[in-house]
file start24.txt (compact mmCIF, C-alpha atoms)
# COMPACT_ATOMS: atom_id res chain seq x y z
CA MET A 19 14.21 20.62 -24.69
CA ARG A 20 13.23 20.08 -21.03
CA LEU A 21 16.22 18.24 -19.62
CA ARG A 22 16.34 16.72 -16.15
CA GLU A 23 18.25 19.68 -14.76
CA VAL A 24 15.43 21.99 -15.88
CA LEU A 25 12.82 19.73 -14.27
CA GLU A 26 14.78 19.69 -11.02
CA ARG A 27 14.99 23.50 -10.95
CA GLU A 28 11.27 23.82 -11.62
CA GLU A 29 10.53 21.21 -8.96
CA SER A 30 12.63 23.04 -6.38
CA GLY A 31 10.80 26.28 -7.14
CA ARG A 32 7.32 24.89 -6.51
CA LEU A 33 8.08 22.75 -3.43
CA GLY A 34 7.75 23.98 0.12
CA PRO A 35 10.92 24.05 2.23
CA TRP A 36 9.94 20.66 3.66
CA GLY A 37 9.52 18.95 0.28
CA MET A 38 12.16 16.42 -0.76
CA ARG A 39 14.10 17.60 -3.82
CA ALA A 40 14.98 14.92 -6.36
CA GLY A 41 18.36 16.59 -6.85
CA ASP A 42 19.11 16.07 -3.14
CA SER A 43 18.39 12.35 -3.16
CA SER A 44 20.80 10.14 -1.22
CA GLY A 45 21.03 7.92 -4.28
CA ARG A 46 20.51 4.24 -4.97
CA LEU A 47 21.99 0.99 -3.68
CA TYR A 48 23.73 0.54 -7.03
CA ALA A 49 25.09 3.65 -8.71
CA GLU A 50 23.49 4.66 -12.01
CA GLU A 51 23.87 7.51 -14.44
CA PRO A 52 21.02 10.06 -14.10
CA HIS A 53 18.37 10.00 -16.81
CA PRO A 54 18.47 12.92 -19.26
CA TYR A 55 14.70 13.63 -19.16
CA ARG A 56 13.40 12.25 -15.85
CA THR A 57 14.17 13.02 -12.24
CA ALA A 58 15.26 10.25 -9.86
CA PHE A 59 11.80 10.01 -8.27
CA GLN A 60 10.04 9.92 -11.64
CA ARG A 61 12.22 6.94 -12.53
CA ASP A 62 11.24 5.26 -9.25
CA ARG A 63 7.57 5.70 -10.06
CA ASP A 64 7.99 4.30 -13.58
CA ARG A 65 9.99 1.29 -12.41
CA VAL A 66 7.25 0.31 -9.98
CA ILE A 67 4.53 0.63 -12.63
CA HIS A 68 6.44 -1.65 -15.02
CA SER A 69 7.17 -4.32 -12.39
CA THR A 70 5.60 -7.76 -12.40
CA SER A 71 4.50 -7.35 -8.79
CA PHE A 72 2.50 -4.23 -9.68
CA ARG A 73 0.54 -6.10 -12.35
CA ARG A 74 -0.29 -8.87 -9.89
CA LEU A 75 -2.18 -6.40 -7.71
CA GLN A 76 -5.07 -6.60 -10.18
CA TYR A 77 -5.98 -10.05 -8.84
CA LYS A 78 -5.23 -9.54 -5.14
CA THR A 79 -8.01 -9.00 -2.62
CA GLN A 80 -8.74 -5.69 -0.97
CA VAL A 81 -11.77 -6.86 1.03
CA PHE A 82 -13.71 -8.98 -1.48
CA VAL A 83 -12.12 -11.86 -3.39
CA HIS A 84 -11.99 -11.12 -7.13
CA HIS A 85 -14.58 -13.71 -8.22
CA GLU A 86 -17.26 -12.24 -5.94
CA GLY A 87 -17.89 -9.31 -8.27
CA ASP A 88 -16.27 -7.32 -11.07
CA HIS A 89 -16.91 -3.92 -9.46
CA PHE A 90 -15.32 -4.44 -6.05
CA ARG A 91 -11.92 -2.89 -5.40
CA ASN A 92 -8.79 -4.96 -5.69
CA ARG A 93 -5.25 -4.05 -4.62
CA LEU A 94 -4.55 -2.36 -7.95
CA THR A 95 -7.62 -0.12 -8.01
CA HIS A 96 -7.02 0.65 -4.32
CA THR A 97 -3.44 1.68 -5.11
CA LEU A 98 -4.55 3.95 -7.94
CA GLU A 99 -7.16 5.61 -5.72
CA VAL A 100 -4.54 6.19 -3.01
CA ALA A 101 -2.18 7.69 -5.60
CA GLN A 102 -4.85 10.14 -6.78
CA ILE A 103 -5.54 11.35 -3.25
CA ALA A 104 -1.84 11.50 -2.37
CA ARG A 105 -1.03 13.62 -5.44
CA THR A 106 -3.67 16.17 -4.46
CA ILE A 107 -2.41 16.38 -0.87
CA SER A 108 1.24 16.56 -1.96
CA ARG A 109 0.55 19.32 -4.44
CA ALA A 110 -1.38 21.37 -1.90
CA LEU A 111 1.32 21.04 0.77
CA GLY A 112 4.34 21.61 -1.45
CA ALA A 113 5.60 18.04 -1.00
CA ASN A 114 7.26 16.07 -3.79
CA GLU A 115 4.41 14.63 -5.82
CA ASP A 116 6.61 12.21 -7.79
CA LEU A 117 8.22 10.72 -4.69
CA CYS A 118 4.86 10.41 -2.94
CA GLU A 119 3.37 8.65 -5.96
CA ALA A 120 6.32 6.24 -6.19
CA ILE A 121 5.87 5.30 -2.52
CA VAL A 122 2.11 4.83 -2.93
CA LEU A 123 2.40 2.69 -6.05
CA ALA A 124 4.85 0.38 -4.26
CA HIS A 125 3.24 0.35 -0.82
CA ASP A 126 1.11 -2.78 -1.35
CA LEU A 127 3.42 -4.79 -3.62
CA GLY A 128 4.19 -7.13 -0.73
CA HIS A 129 0.60 -7.91 0.18
CA THR A 130 -0.38 -11.56 0.12
CA PRO A 131 -3.36 -13.00 -1.73
CA PHE A 132 -6.65 -12.70 0.18
CA GLY A 133 -5.86 -9.37 1.83
CA HIS A 134 -5.19 -9.04 5.54
CA ALA A 135 -6.39 -12.58 6.19
CA GLY A 136 -3.58 -13.83 3.98
CA GLN A 137 -1.02 -11.67 5.76
CA THR A 138 -2.18 -12.95 9.15
CA ALA A 139 -1.96 -16.55 7.97
CA LEU A 140 1.52 -16.13 6.51
CA HIS A 141 2.78 -14.35 9.63
CA ARG A 142 1.61 -17.30 11.74
CA LEU A 143 3.30 -19.77 9.42
CA MET A 144 6.53 -17.74 9.54
CA ARG A 145 6.49 -17.02 13.30
CA ASP A 146 9.59 -19.17 13.88
CA HIS A 147 11.38 -17.73 10.85
CA GLY A 148 11.25 -13.96 11.35
CA GLY A 149 7.52 -13.45 10.73
CA PHE A 150 5.86 -11.74 7.78
CA GLU A 151 4.67 -8.15 7.30
CA HIS A 152 3.63 -6.61 4.01
CA ASN A 153 5.69 -3.39 4.28
CA ARG A 154 8.81 -5.48 4.81
CA GLN A 155 7.81 -7.70 1.90
CA SER A 156 7.23 -4.68 -0.35
CA LEU A 157 10.79 -3.54 0.37
CA ARG A 158 12.06 -7.08 -0.22
CA ILE A 159 10.35 -7.06 -3.62
CA VAL A 160 11.84 -3.76 -4.79
CA ASP A 161 15.28 -4.55 -3.31
CA VAL A 162 15.67 -8.24 -4.14
CA LEU A 163 12.87 -10.19 -5.79
CA GLU A 164 12.06 -8.21 -8.94
CA ALA A 165 14.39 -9.12 -11.81
CA ARG A 166 14.63 -6.19 -14.22
CA HIS A 167 18.34 -5.55 -14.78
CA PRO A 168 21.43 -7.71 -15.46
CA ALA A 169 23.65 -5.71 -13.08
CA TYR A 170 21.59 -5.81 -9.87
CA PRO A 171 18.57 -7.46 -8.22
CA GLY A 172 15.35 -5.58 -7.56
CA LEU A 173 14.33 -2.20 -8.94
CA ASN A 174 17.20 -0.19 -7.41
CA LEU A 175 14.93 2.58 -6.15
CA THR A 176 16.22 5.70 -4.43
CA HIS A 177 16.92 5.74 -0.71
CA GLU A 178 13.91 8.04 -0.16
CA ALA A 179 11.44 5.77 -1.95
CA ARG A 180 12.75 2.71 -0.10
CA ALA A 181 12.50 4.48 3.26
CA GLY A 182 8.94 5.54 2.42
CA ILE A 183 7.96 1.96 1.59
CA LEU A 184 9.45 0.66 4.84
CA LYS A 185 8.01 3.61 6.84
CA HIS A 186 8.80 3.12 10.52
CA GLY A 187 10.36 -0.30 10.03
CA ALA A 188 9.86 -1.13 13.71
CA GLY A 189 11.16 -4.56 14.60
CA PHE A 190 12.59 -5.26 11.15
CA PRO A 191 15.48 -7.69 11.77
CA ARG A 192 18.31 -6.37 9.62
CA ASP A 193 19.83 -9.82 9.22
CA LEU A 194 16.70 -10.92 7.30
CA HIS A 195 17.25 -8.34 4.56
CA PRO A 196 20.12 -9.18 2.21
CA VAL A 197 20.99 -5.55 1.36
CA PRO A 198 21.44 -2.52 3.66
CA LEU A 199 18.16 -1.09 4.92
CA PRO A 200 17.42 2.60 4.35
CA GLU A 201 18.25 4.80 7.30
CA LEU A 202 15.13 6.23 8.95
CA GLY A 203 14.62 9.36 11.02
CA ALA A 204 12.50 9.76 14.13
CA SER A 205 9.49 10.17 11.80
CA PRO A 206 8.92 9.05 8.21
CA GLY A 207 9.57 11.66 5.53
CA LEU A 208 6.74 14.03 4.65
CA GLU A 209 5.94 12.19 1.42
CA ALA A 210 5.79 8.84 3.25
CA GLN A 211 3.46 10.36 5.84
CA ILE A 212 1.20 11.69 3.09
CA ALA A 213 1.15 8.28 1.39
CA ASP A 214 0.10 6.66 4.67
CA ALA A 215 -2.68 9.20 5.29
CA ALA A 216 -3.97 8.94 1.71
CA ASP A 217 -4.08 5.16 2.13
CA GLU A 218 -6.34 5.57 5.17
CA ILE A 219 -8.65 8.01 3.39
CA ALA A 220 -8.94 5.75 0.35
CA TYR A 221 -9.66 2.49 2.12
CA HIS A 222 -12.25 3.96 4.49
CA ASN A 223 -14.15 5.38 1.54
CA HIS A 224 -13.97 2.48 -0.86
CA ASP A 225 -14.71 -0.03 1.88
CA ILE A 226 -17.90 1.92 2.60
CA ASP A 227 -18.74 1.88 -1.11
CA ASP A 228 -18.02 -1.84 -1.54
CA GLY A 229 -19.70 -2.70 1.77
CA LEU A 230 -22.93 -0.96 0.74
CA ARG A 231 -22.75 -2.38 -2.78
CA SER A 232 -22.35 -5.93 -1.41
CA GLY A 233 -25.12 -5.57 1.17
CA LEU A 234 -22.78 -6.37 4.07
CA LEU A 235 -23.23 -2.79 5.32
CA GLU A 236 -26.68 -1.34 5.96
CA GLN A 237 -27.31 2.26 4.97
CA GLU A 238 -29.46 2.91 8.03
CA ALA A 239 -26.76 1.74 10.47
CA LEU A 240 -24.01 3.59 8.60
CA GLY A 241 -26.14 6.74 8.71
CA GLN A 242 -25.54 6.91 12.46
CA VAL A 243 -21.81 7.53 11.83
CA GLU A 244 -21.17 11.28 11.91
CA LEU A 245 -18.79 11.53 8.96
CA TRP A 246 -21.06 9.51 6.67
CA SER A 247 -24.19 11.33 7.80
CA HIS A 248 -22.59 14.68 6.97
CA ALA A 249 -21.37 13.39 3.59
CA CYS A 250 -24.89 12.20 2.73
CA ASP A 251 -26.31 15.62 3.66
CA GLN A 252 -23.79 17.22 1.30
CA ALA A 253 -24.75 14.79 -1.44
CA ARG A 254 -28.46 15.55 -1.05
CA ALA A 255 -27.71 19.27 -1.11
CA SER A 256 -26.14 18.74 -4.56
CA GLY A 257 -29.44 17.26 -5.79
CA ALA A 258 -28.56 13.56 -5.53
CA ARG A 259 -31.57 11.35 -4.76
CA GLU A 260 -31.25 8.05 -6.65
CA PRO A 261 -29.45 5.58 -4.30
CA ARG A 262 -26.46 4.84 -6.55
CA VAL A 263 -25.89 8.49 -7.32
CA LEU A 264 -26.38 9.46 -3.68
CA ARG A 265 -23.78 6.89 -2.60
CA ALA A 266 -21.31 8.07 -5.24
CA ARG A 267 -21.73 11.76 -4.35
CA ALA A 268 -21.43 11.00 -0.64
CA ILE A 269 -18.12 9.19 -1.27
CA VAL A 270 -16.85 12.20 -3.22
CA SER A 271 -17.91 14.51 -0.40
CA LEU A 272 -16.27 12.38 2.28
CA ILE A 273 -12.96 12.12 0.42
CA ASP A 274 -12.96 15.88 -0.11
CA GLN A 275 -13.80 16.54 3.55
CA LEU A 276 -11.04 14.28 4.88
CA ALA A 277 -8.37 15.40 2.41
CA SER A 278 -9.17 19.08 2.98
CA ASP A 279 -9.05 18.76 6.75
CA LEU A 280 -5.78 16.85 6.53
CA ILE A 281 -4.18 19.51 4.31
CA VAL A 282 -5.16 22.39 6.60
CA ALA A 283 -4.18 20.61 9.83
CA THR A 284 -0.87 19.40 8.39
CA GLU A 285 0.08 22.82 7.06
CA GLU A 286 -0.49 24.28 10.53
CA ARG A 287 1.79 21.65 12.08
CA LEU A 288 4.51 22.26 9.51
CA ARG A 289 4.39 26.00 10.22
CA GLU A 290 4.52 25.37 13.97
CA LEU A 291 7.49 23.06 13.50
CA GLY A 292 9.21 25.74 11.44
CA ALA A 293 10.70 23.05 9.21
CA LYS A 294 13.14 24.48 6.69
CA SER A 295 14.09 21.17 5.08
CA ALA A 296 12.89 17.62 4.47
CA ALA A 297 15.44 16.42 7.04
CA GLU A 298 13.82 18.51 9.78
CA VAL A 299 10.49 16.79 9.14
CA ARG A 300 12.18 13.38 9.44
CA ASP A 301 13.88 14.45 12.67
CA ALA A 302 10.64 15.71 14.26
CA PRO A 303 9.60 13.60 17.26
CA GLU A 304 6.03 13.24 15.97
CA PRO A 305 4.63 12.98 12.43
CA CYS A 306 3.29 16.23 10.97
CA VAL A 307 0.66 14.77 8.66
CA GLY A 308 -2.72 14.13 10.23
CA PHE A 309 -6.29 15.26 10.71
CA SER A 310 -7.50 17.93 13.11
CA ASP A 311 -8.44 16.60 16.55
CA GLU A 312 -12.17 16.82 15.79
CA VAL A 313 -11.98 14.97 12.48
CA ALA A 314 -9.49 12.43 13.86
CA GLU A 315 -12.10 11.46 16.47
CA GLN A 316 -14.75 11.14 13.76
CA VAL A 317 -12.40 8.95 11.68
CA ARG A 318 -11.88 6.68 14.69
CA GLU A 319 -15.67 6.34 15.00
CA LEU A 320 -15.90 5.37 11.32
CA ALA A 321 -13.01 2.90 11.59
CA SER A 322 -14.61 1.26 14.61
CA PHE A 323 -17.91 0.92 12.74
CA LEU A 324 -16.25 -0.67 9.70
CA ARG A 325 -14.24 -3.05 11.85
CA ARG A 326 -17.37 -4.20 13.66
CA GLU A 327 -19.89 -4.25 10.82
CA LEU A 328 -17.77 -5.08 7.74
CA TYR A 329 -14.42 -6.66 8.58
CA HIS A 330 -15.96 -8.82 11.33
CA HIS A 331 -19.14 -9.59 9.39
CA TYR A 332 -19.67 -13.35 9.43
CA LEU A 333 -19.30 -13.61 5.64
CA ALA A 334 -16.01 -11.68 5.76
CA VAL A 335 -14.85 -13.97 8.56
CA ARG A 336 -15.73 -17.00 6.42
CA MET A 337 -13.73 -15.59 3.51
CA GLY A 338 -10.78 -14.99 5.81
CA ALA A 339 -10.91 -18.48 7.30
CA LYS A 340 -11.02 -20.00 3.82
CA ALA A 341 -7.99 -17.93 2.80
CA GLU A 342 -6.03 -19.08 5.84
CA ARG A 343 -6.80 -22.73 5.07
CA ILE A 344 -5.64 -22.36 1.47
CA LEU A 345 -2.33 -20.73 2.40
CA ARG A 346 -1.71 -23.13 5.30
CA ASP A 347 -2.33 -26.15 3.06
CA LEU A 348 0.02 -24.82 0.39
CA TRP A 349 2.71 -23.98 2.95
CA GLU A 350 2.60 -27.45 4.49
CA ALA A 351 2.66 -29.15 1.08
CA TYR A 352 5.69 -27.16 -0.07
CA ARG A 353 7.52 -27.59 3.24
CA GLU A 354 6.91 -31.33 3.25
CA GLN A 355 7.88 -31.84 -0.39
CA PRO A 356 9.69 -28.85 -1.98
CA ALA A 357 9.95 -30.76 -5.26
CA GLN A 358 6.33 -29.71 -5.88
CA LEU A 359 7.51 -26.11 -6.32
CA PRO A 360 8.41 -24.77 -9.77
CA PRO A 361 12.11 -25.03 -10.73
CA SER A 362 12.39 -21.22 -10.74
CA VAL A 363 11.64 -21.17 -7.00
CA ARG A 364 14.05 -24.02 -6.21
CA ALA A 365 16.86 -22.81 -8.48
CA GLY A 366 20.20 -22.54 -6.71
CA ARG A 367 18.82 -23.76 -3.39
CA SER A 368 19.42 -26.85 -1.33
CA ARG A 369 16.87 -29.64 -1.12
CA GLU A 370 15.68 -28.22 2.22
CA LEU A 371 14.12 -25.06 0.86
CA GLU A 372 14.33 -22.01 3.11
CA PRO A 373 10.99 -21.00 4.66
CA ARG A 374 11.52 -17.41 3.44
CA ALA A 375 11.65 -18.61 -0.17
CA ILE A 376 8.32 -20.38 0.26
CA ALA A 377 6.86 -17.25 1.90
CA ASP A 378 8.09 -15.17 -1.04
CA TYR A 379 6.36 -17.55 -3.45
CA LEU A 380 3.09 -17.60 -1.49
CA ALA A 381 3.05 -13.83 -0.99
CA GLY A 382 3.56 -13.26 -4.71
CA MET A 383 0.52 -15.32 -5.66
CA THR A 384 -2.70 -13.71 -6.81
CA ASP A 385 -5.97 -14.92 -5.28
CA ARG A 386 -6.81 -16.80 -8.45
CA PHE A 387 -3.41 -18.48 -8.72
CA ALA A 388 -3.47 -19.55 -5.06
CA MET A 389 -6.92 -21.11 -5.46
CA ASP A 390 -5.89 -22.85 -8.70
CA GLU A 391 -2.69 -24.16 -7.10
CA HIS A 392 -4.64 -25.45 -4.10
CA ARG A 393 -7.07 -27.21 -6.42
CA LYS A 394 -4.21 -28.82 -8.36
CA LEU A 395 -2.51 -30.11 -5.23
CA PHE A 396 -5.55 -31.28 -3.25
CA ASP A 397 -8.33 -32.09 -5.71
CA PRO A 398 -7.65 -35.58 -7.12
CA HIS A 399 -9.71 -34.77 -10.22
CA ALA A 400 -7.86 -31.54 -11.08
CA ARG A 401 -5.08 -31.49 -13.64
CA VAL A 402 -1.68 -30.73 -12.11

call {"tool": "encode", "arguments": {"input": "start24.txt", "output": "structure tokens"}}
result
Amino acid sequence: MRLREVLEREESGRLGPWGMRAGDSSGRLYAEEPHPYRTAFQRDRDRVIHSTSFRRLQYKTQVFVHHEGDHFRNRLTHTLEVAQIARTISRALGANEDLCEAIVLAHDLGHTPFGHAGQTALHRLMRDHGGFEHNRQSLRIVDVLEARHPAYPGLNLTHEARAGILKHGAGFPRDLHPVPLPELGASPGLEAQIADAADEIAYHNHDIDDGLRSGLLEQEALGQVELWSHACDQARASGAREPRVLRARAIVSLIDQLASDLIVATEERLRELGAKSAAEVRDAPEPCVGFSDEVAEQVRELASFLRRELYHHYLAVRMGAKAERILRDLWEAYREQPAQLPPSVRAGRSRELEPRAIADYLAGMTDRFAMDEHRKLFDPHARV
């Protein structure tokens, strides 16, 4: 029988000195008995997967709203792609794969409907009430808003998972969070850094894929970007010729190129740092995880291209403007007449509903629910 103690010993044996051991966790906000067959970080991962907020990611925008096509990425498929990349990087570097996966699976729980346009809109609406930022909201979800246990609010994740979700936490007003925030070092933990880097690799690649698939990106223009040009050369060398296959093989090549460079460059930095513990990585003045200088410059070129040609494409701007109007209309309706909100949102609150409670409700909506709710409130012919 492989009990938790056995798993922890095996984990410690395969991790590098800088990997975070589950047995060394600083614990949870609310004390719990350890599980007999799972480590603390494995329990974190499983709790996130079974949360309501995780399921909602299926109908939250990455770049394209869900009804625009069945094959475009959404927040859930994005999260799963990030997790796959992060596991590979963690395993290669001797970081804690379970902790890294738990952080990745929770990192977008706090995202609004309609992607970054929704976050921008909600931040503007909350500017006089502490603002809105999705990493903060993700921590608020796992600490407060999820209801999964009679003894405590939230998911009661470990300190390390919570710190990884919050990451730097710059400018997070502590008085806005109803439970103690996780203590952070000068840098995020190694696993949090890996999660962040894997996120960047994933969204660059799938945004290229979705951009080409939608027609918003042109293959000829993208071919001038060095990273993509090299990936296409690699794809052709493998025998790919048909456009769909060529695109797919180029995406595979680009992910492999970026992940491999990141692993090699990060390992060099860890050796130079001489880190002998996870704490020494957190205390380092600069993050250790990152690309080589050459590839980092190429990634900046790619990011600039995507920002200009995809995220600022006039159709993407239209989608964003529509999203902002929907959230602004809902916000104003709820603020003006809170009685329009479901009883579950108003429960235990005064008649003047707190702005943060309305923001929580709006942020938790899926794209589809937000559009349906807007239709019910503003279309005189729609059923309420």

call {"tool": "axis_aligned_box", "arguments": {"input": "start24.txt", "around": "segment 383-395 of chain A", "padding_each_side": "3 Å", "output": "JSON"}}
result
{"center_x": -3.3, "center_y": -21.9, "center_z": -6.4, "size_x": 13.6, "size_y": 22.4, "size_z": 10.6}

call {"tool": "closest_residue", "arguments": {"input": "start24.txt", "among": "A:Arg300, A:His53, A:Arg166, A:Arg325", "to": "Ile226 of chain A", "atoms": "all atoms listed in the file"}}
result
A:Arg325

call {"tool": "closest_residue", "arguments": {"input": "start24.txt", "among": "A:Ile344, A:Ile183, A:Leu75, A:Leu324", "to": "Tyr221 of chain A", "atoms": "only C-alpha atoms"}}
result
A:Leu324

call {"tool": "atom_distance", "arguments": {"input": "start24.txt", "atom1": "atom CA of Gly136 of chain A", "atom2": "atom CA of Asp193 of chain A"}}
result
24.3 Å

call {"tool": "residues_around", "arguments": {"input": "start24.txt", "residues": "Leu143 of chain A", "least_positions_apart": "5", "cutoff": "8 Å", "atoms": "only C-alpha atoms", "output": "ChimeraX atom specification"}}
result
/A:149,346,349

call {"tool": "atom_distance", "arguments": {"input": "start24.txt", "atom1": "atom CA of Leu140 of chain A", "atom2": "atom CA of Leu345 of chain A"}}
result
7.3 Å

call {"tool": "closest_residue", "arguments": {"input": "start24.txt", "among": "A:Ala216, A:Arg374, A:Arg91, A:His392", "to": "His141 of chain A", "atoms": "all atoms listed in the file"}}
result
A:Arg374

call {"tool": "closest_residue", "arguments": {"input": "start24.txt", "among": "A:Thr130, A:Thr176, A:Thr106, A:Gln237", "to": "Gly45 of chain A", "atoms": "only C-alpha atoms"}}
result
A:Thr176

call {"tool": "atom_distance", "arguments": {"input": "start24.txt", "atom1": "atom CA of Val299 of chain A", "atom2": "atom CA of Ala213 of chain A"}}
result
14.8 Å

call {"tool": "residues_around", "arguments": {"input": "start24.txt", "residues": "segment 208-211 of chain A", "least_positions_apart": "5", "cutoff": "9 Å", "atoms": "only C-alpha atoms", "output": "ChimeraX atom specification"}}
result
/A:36-38,104,108,113-115,117-119,121-122,178-179,181-183,185,216,296,299-300,305-308

call {"tool": "residues_around", "arguments": {"input": "start24.txt", "residues": "His331 of chain A", "least_positions_apart": "2", "cutoff": "12 Å", "atoms": "only C-alpha atoms", "output": "list in words"}}
result
Val81, Gly229, Ser232, Gly233, Leu234, Leu235, Glu236, Phe323, Leu324, Arg325, Arg326, Glu327, Leu328, Tyr329, Leu333, Ala334, Val335, Arg336, Met337 and Gly338 of chain A

call {"tool": "closest_residue", "arguments": {"input": "start24.txt", "among": "A:Val317, A:Ala110, A:Val160, A:Met19", "to": "Leu47 of chain A", "atoms": "all atoms listed in the file"}}
result
A:Val160

call {"tool": "residues_around", "arguments": {"input": "start24.txt", "residues": "Arg61 of chain A", "least_positions_apart": "6", "cutoff": "12 Å", "atoms": "only C-alpha atoms", "output": "list of chain:residue names"}}
result
A:Arg22, A:Ala40, A:Arg46, A:Glu50, A:Glu51, A:Pro52, A:His53, A:Pro54, A:Tyr55, A:Ile67, A:His68, A:Asp116, A:Leu117, A:Glu119, A:Ala120, A:Ile121, A:Leu173, A:Asn174, A:Leu175, A:Thr176, A:Ala179

call {"tool": "write_last_selection", "arguments": {"input": "start24.txt", "atoms": "C-alpha atoms", "output": "mmCIF file, in the frame of the given file"}}
result
data_model
loop_
_atom_site.group_PDB
_atom_site.id
_atom_site.type_symbol
_atom_site.label_atom_id
_atom_site.label_comp_id
_atom_site.auth_asym_id
_atom_site.auth_seq_id
_atom_site.Cartn_x
_atom_site.Cartn_y
_atom_site.Cartn_z
ATOM 1 C CA ARG A 22 16.340 16.720 -16.150
ATOM 2 C CA ALA A 40 14.980 14.920 -6.360
ATOM 3 C CA ARG A 46 20.510 4.240 -4.970
ATOM 4 C CA GLU A 50 23.490 4.660 -12.010
ATOM 5 C CA GLU A 51 23.870 7.510 -14.440
ATOM 6 C CA PRO A 52 21.020 10.060 -14.100
ATOM 7 C CA HIS A 53 18.370 10.000 -16.810
ATOM 8 C CA PRO A 54 18.470 12.920 -19.260
ATOM 9 C CA TYR A 55 14.700 13.630 -19.160
ATOM 10 C CA ILE A 67 4.530 0.630 -12.630
ATOM 11 C CA HIS A 68 6.440 -1.650 -15.020
ATOM 12 C CA ASP A 116 6.610 12.210 -7.790
ATOM 13 C CA LEU A 117 8.220 10.720 -4.690
ATOM 14 C CA GLU A 119 3.370 8.650 -5.960
ATOM 15 C CA ALA A 120 6.320 6.240 -6.190
ATOM 16 C CA ILE A 121 5.870 5.300 -2.520
ATOM 17 C CA LEU A 173 14.330 -2.200 -8.940
ATOM 18 C CA ASN A 174 17.200 -0.190 -7.410
ATOM 19 C CA LEU A 175 14.930 2.580 -6.150
ATOM 20 C CA THR A 176 16.220 5.700 -4.430
ATOM 21 C CA ALA A 179 11.440 5.770 -1.950
#

call {"tool": "closest_residue", "arguments": {"input": "start24.txt", "among": "A:Arg231, A:Arg343, A:His96, A:His195", "to": "Asp126 of chain A", "atoms": "all atoms listed in the file"}}
result
A:His96

call {"tool": "residues_around", "arguments": {"input": "start24.txt", "residues": "segment 155-157 of chain A", "least_positions_apart": "3", "cutoff": "10 Å", "atoms": "only C-alpha atoms", "output": "count of residues only"}}
result
30
